[in-house]
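**Student:** First the structure, which I've put down as structure tokens, then a few questions once you've had a look.
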Amino acid sequence: MDAILYLEDGSIYEGKAFGKIGTTVGELVFNTSMTGYQEILTDPSYAGQIINMTYPLIGNYGVNNIENESLKIHAKGFIVKNISNNPSNYMSEKSIDEMLKIMDIVGIYGVDTRSITKKIRNSGVLKCVISSENLSIYEIKEILNNTEIKDDWMKKVSTKEIINIKGEGYKVAVVDFGVKQNIINNLKQRGCDVTIFPYNASFENIMSINPDGVLLSNGPGDPKEVKEAIETAKELIKNIPTLGICLGHQIIALAVGGNTYKMKYGHRGGNHGVYDIEKDKSYITSQNHGYAVDKNSIEDKDMIVTHINLNDNTIEGMKHKNLSVFSVQYHPEGSPGPQDSAYIFDQFISVLGGDK
């Protein structure tokens, strides 16, 4: 069946439909990963977005239920050059087409994903529509113009209840803005007793379990939209060791009085170079964010920049001069990879007191 991709700048791409037959609207982003399409789709940080994959072949190793980063697909749509519906992998349980159908996600393939990526790089953030229904261009344009793209998705993807995952080690409270499963896995592998809290949990609520440390998770959207979490973070960082990852990193910056800004098109992919200033060492990292910390805004806030992005010098890591507080913009838990910087979790454990 035919499908149409319509961009906010008026560009039209004609392709073939896969996944759910329907129409979807979202913020258009591109991802540069060569593998990990299943983890990308189920990463809550993509909530509200339509993902354009730069790698031309998607689906060749299929899909399984083990490697999901959450229970569902949070992205609004999926754009690929070519799909494989005959996956070759002993773990495969279904094709990418079947996965999208089951989870009601609209997809389009057979389009020039390189051209789409160039448009995002040149124009910045764009809204777009994918439709595999019998709609005119006028109708599709009206749908796009009448749809507001919101940036508070972290409120929707966060857990609605407190969840405890038993462990024999340190008690870690995770504030969930859209936490990836592999962050939880990394804490579990280190023996932690993990309690997951909703995004708007109060300082008193979190401290009621007497945690040894707090992790502020990744998530979608504008960190300034979660004012409750920023206020809670102000108290947390003064009282308990705190690690921030991705959105959590941005919330720490706001909590100390810094600022964040929306990037032209963000960092998304599994191949971003990051330089560790303190160790004089570089890492290949997994990233997924559309906002960044304003470096000038934290210079007088007792924060030290520890990592920078090798492509554009944006802040990728920071720590407090006096408090047990540090954060990274990238994903140290990157799944399927890279995990060059998974030592961040060991560093967090050492701040809590070492092996237990």
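Letters A, B, ... go to the chains of the structure tokens in the order shown; residues in each chain start at 1; ligands are counted from 1 in the same order.
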With a distance cut-off of 8 Å and only C-alpha atoms, select the neighbouring residues of region 146-159 of chain A, excluding the residue or stretch itself and same-chain residues fewer than 4 positions from it, and output the selection as a list in words.

**Tutor:**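 My reading of the contact set: Val25, Gly26, Glu27, Pro44, Ser45, Ala47, Gly48, Lys127, Glu142, Asp176, Phe177, Gly178, Val179, Ile196, Phe197, Pro198, Tyr199, Gly219, Pro220, Gly221, Asp222, Glu225 and Val226 of chain A.
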
**Student:** Which of region 187-216 of chain A counts as alpha helix (DSSP H) under DSSP, as a VMD selection string please?

**Tutor:** chain A and resid 187 to 189 203 to 207

**Student:** Once you have the residues from the selection above, write them out as an mmCIF file, in the first residue's frame, restricted to N, CA and C atoms.

**Tutor:**
data_model
loop_
_atom_site.group_PDB
_atom_site.id
_atom_site.type_symbol
_atom_site.label_atom_id
_atom_site.label_comp_id
_atom_site.auth_asym_id
_atom_site.auth_seq_id
_atom_site.Cartn_x
_atom_site.Cartn_y
_atom_site.Cartn_z
ATOM 1 N N LEU A 187 21.748 -1.061 37.247
ATOM 2 C CA LEU A 187 21.672 -0.961 38.702
ATOM 3 C C LEU A 187 21.473 -2.341 39.332
ATOM 4 N N LYS A 188 20.636 -3.156 38.726
ATOM 5 C CA LYS A 188 20.400 -4.509 39.240
ATOM 6 C C LYS A 188 21.663 -5.356 39.165
ATOM 7 N N GLN A 189 22.421 -5.211 38.064
ATOM 8 C CA GLN A 189 23.667 -5.968 37.919
ATOM 9 C C GLN A 189 24.672 -5.623 39.007
ATOM 10 N N PHE A 203 10.255 15.430 47.481
ATOM 11 C CA PHE A 203 11.491 15.117 48.205
ATOM 12 C C PHE A 203 11.193 14.220 49.392
ATOM 13 N N GLU A 204 10.134 14.545 50.135
ATOM 14 C CA GLU A 204 9.777 13.761 51.318
ATOM 15 C C GLU A 204 9.390 12.338 50.938
ATOM 16 N N ASN A 205 8.665 12.194 49.842
ATOM 17 C CA ASN A 205 8.235 10.876 49.374
ATOM 18 C C ASN A 205 9.442 10.005 49.027
ATOM 19 N N ILE A 206 10.396 10.588 48.301
ATOM 20 C CA ILE A 206 11.592 9.845 47.904
ATOM 21 C C ILE A 206 12.429 9.483 49.125
ATOM 22 N N MET A 207 12.607 10.414 50.034
ATOM 23 C CA MET A 207 13.453 10.177 51.198
ATOM 24 C C MET A 207 12.804 9.244 52.211
#

**Student:** Can you measure CA of Val328 (chain A) to CA of Gly248 (chain A) for me? One decimal in Å is fine.

**Tutor:** 8.4 Å

**Student:** Of the candidates A:Asn218, A:Asn322, A:Asn288, A:Asn164, which shows the shortest atom-to-atom distance to Cys192 (chain A), using only C-alpha atoms?

**Tutor:**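 Nearest to Cys192 (chain A): A:Asn164.
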
**Student:** Determine which residues of region 146-301 of chain A receive a DSSP assignment of strand (DSSP E or B), computed from the backbone, and state them as a PyMOL selection string.

**Tutor:** chain A and resi 163-165+171-175+193-197+213-216+242-245+260-276+281-293

**Student:** How far is it from CA of Gly107 (chain A) to CA of Asn182 (chain A), in Å with one decimal?

**Tutor:**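 These two atoms are separated by 25.6 Å.
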
**Student:** Would you kindly return, as an MDAnalysis selection string, each protein, DNA or RNA residue with an atom no farther than 6 Å from any atom of Pro87 (chain A), considering only C-alpha atoms and excluding same-chain residues fewer than 5 positions away?

**Tutor:** chainID A and resid 60:62

**Student:** For the residues in the current selection, export all heavy atoms as a short mmCIF file (atom, residue, chain, number, x, y, z; two decimals), in the first residue's frame.

**Tutor:**
data_model
loop_
_atom_site.label_atom_id
_atom_site.label_comp_id
_atom_site.auth_asym_id
_atom_site.auth_seq_id
_atom_site.Cartn_x
_atom_site.Cartn_y
_atom_site.Cartn_z
N ASN A 60 16.60 -6.45 9.61
CA ASN A 60 17.24 -7.67 9.12
C ASN A 60 17.48 -8.71 10.21
O ASN A 60 17.66 -9.89 9.90
CB ASN A 60 18.55 -7.35 8.39
CG ASN A 60 19.49 -6.50 9.21
OD1 ASN A 60 19.08 -5.51 9.78
ND2 ASN A 60 20.74 -6.88 9.25
N TYR A 61 17.50 -8.31 11.48
CA TYR A 61 17.65 -9.31 12.55
C TYR A 61 16.39 -9.46 13.40
O TYR A 61 16.40 -10.08 14.45
CB TYR A 61 18.89 -9.03 13.41
CG TYR A 61 18.91 -7.66 14.06
CD1 TYR A 61 18.27 -7.43 15.28
CD2 TYR A 61 19.58 -6.61 13.47
CE1 TYR A 61 18.29 -6.19 15.88
CE2 TYR A 61 19.61 -5.35 14.05
CZ TYR A 61 18.96 -5.15 15.27
OH TYR A 61 18.98 -3.91 15.86
N GLY A 62 15.30 -8.88 12.93
CA GLY A 62 14.02 -9.10 13.56
C GLY A 62 13.83 -8.39 14.88
O GLY A 62 14.51 -7.42 15.21
#

**Student:** Report, in Å with one decimal, the straight-line distance from CA of Asp43 (chain A) to CA of Glu69 (chain A).

**Tutor:**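 Calculated distance between CA of Asp43 (chain A) and CA of Glu69 (chain A) is 5.4 Å.
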
**Student:** Which is closer to Val106 (chain A) than all the others in A:Ile4, A:Val325, A:Ile143, A:Val125, using only C-alpha atoms?

**Tutor:** A:Ile4

**Student:** Excluding Lys238 (chain A) and its own-chain neighbours fewer than 4 positions away, which residues fall within 12 Å of it when counting only C-alpha atoms? Please give them as a list in words.

**Tutor:** Phe203, Gly213, Val214, Glu231, Thr232, Ala233, Lys234, Thr242, Ile252, Ala255, Val256, His320, Asn322, Leu323, Ser324 and Val325 of chain A

**Student:** Give me, as a list of chain:residue names, all polymer residues having an atom no more than 10 Å from Ile165 (chain A), counting only C-alpha atoms and skipping those fewer than 2 positions away in the same chain.

**Tutor:**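 Surrounding residues, per the criterion: A:Ile163, A:Gly167, A:Lys171, A:Val172, A:Ile184, A:Lys188, A:Cys192, A:Asp193, A:Val194, A:Thr195, A:Ile196.
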
**Student:** Just want the 12 Å neighbourhood of region 120-123 of chain A, counted on only C-alpha atoms, with same-chain residues fewer than 3 positions away dropped. Output as a VMD selection string.

**Tutor:** chain A and resid 7 to 9 11 27 to 31 51 to 52 54 113 to 117 126 to 128 263 to 267
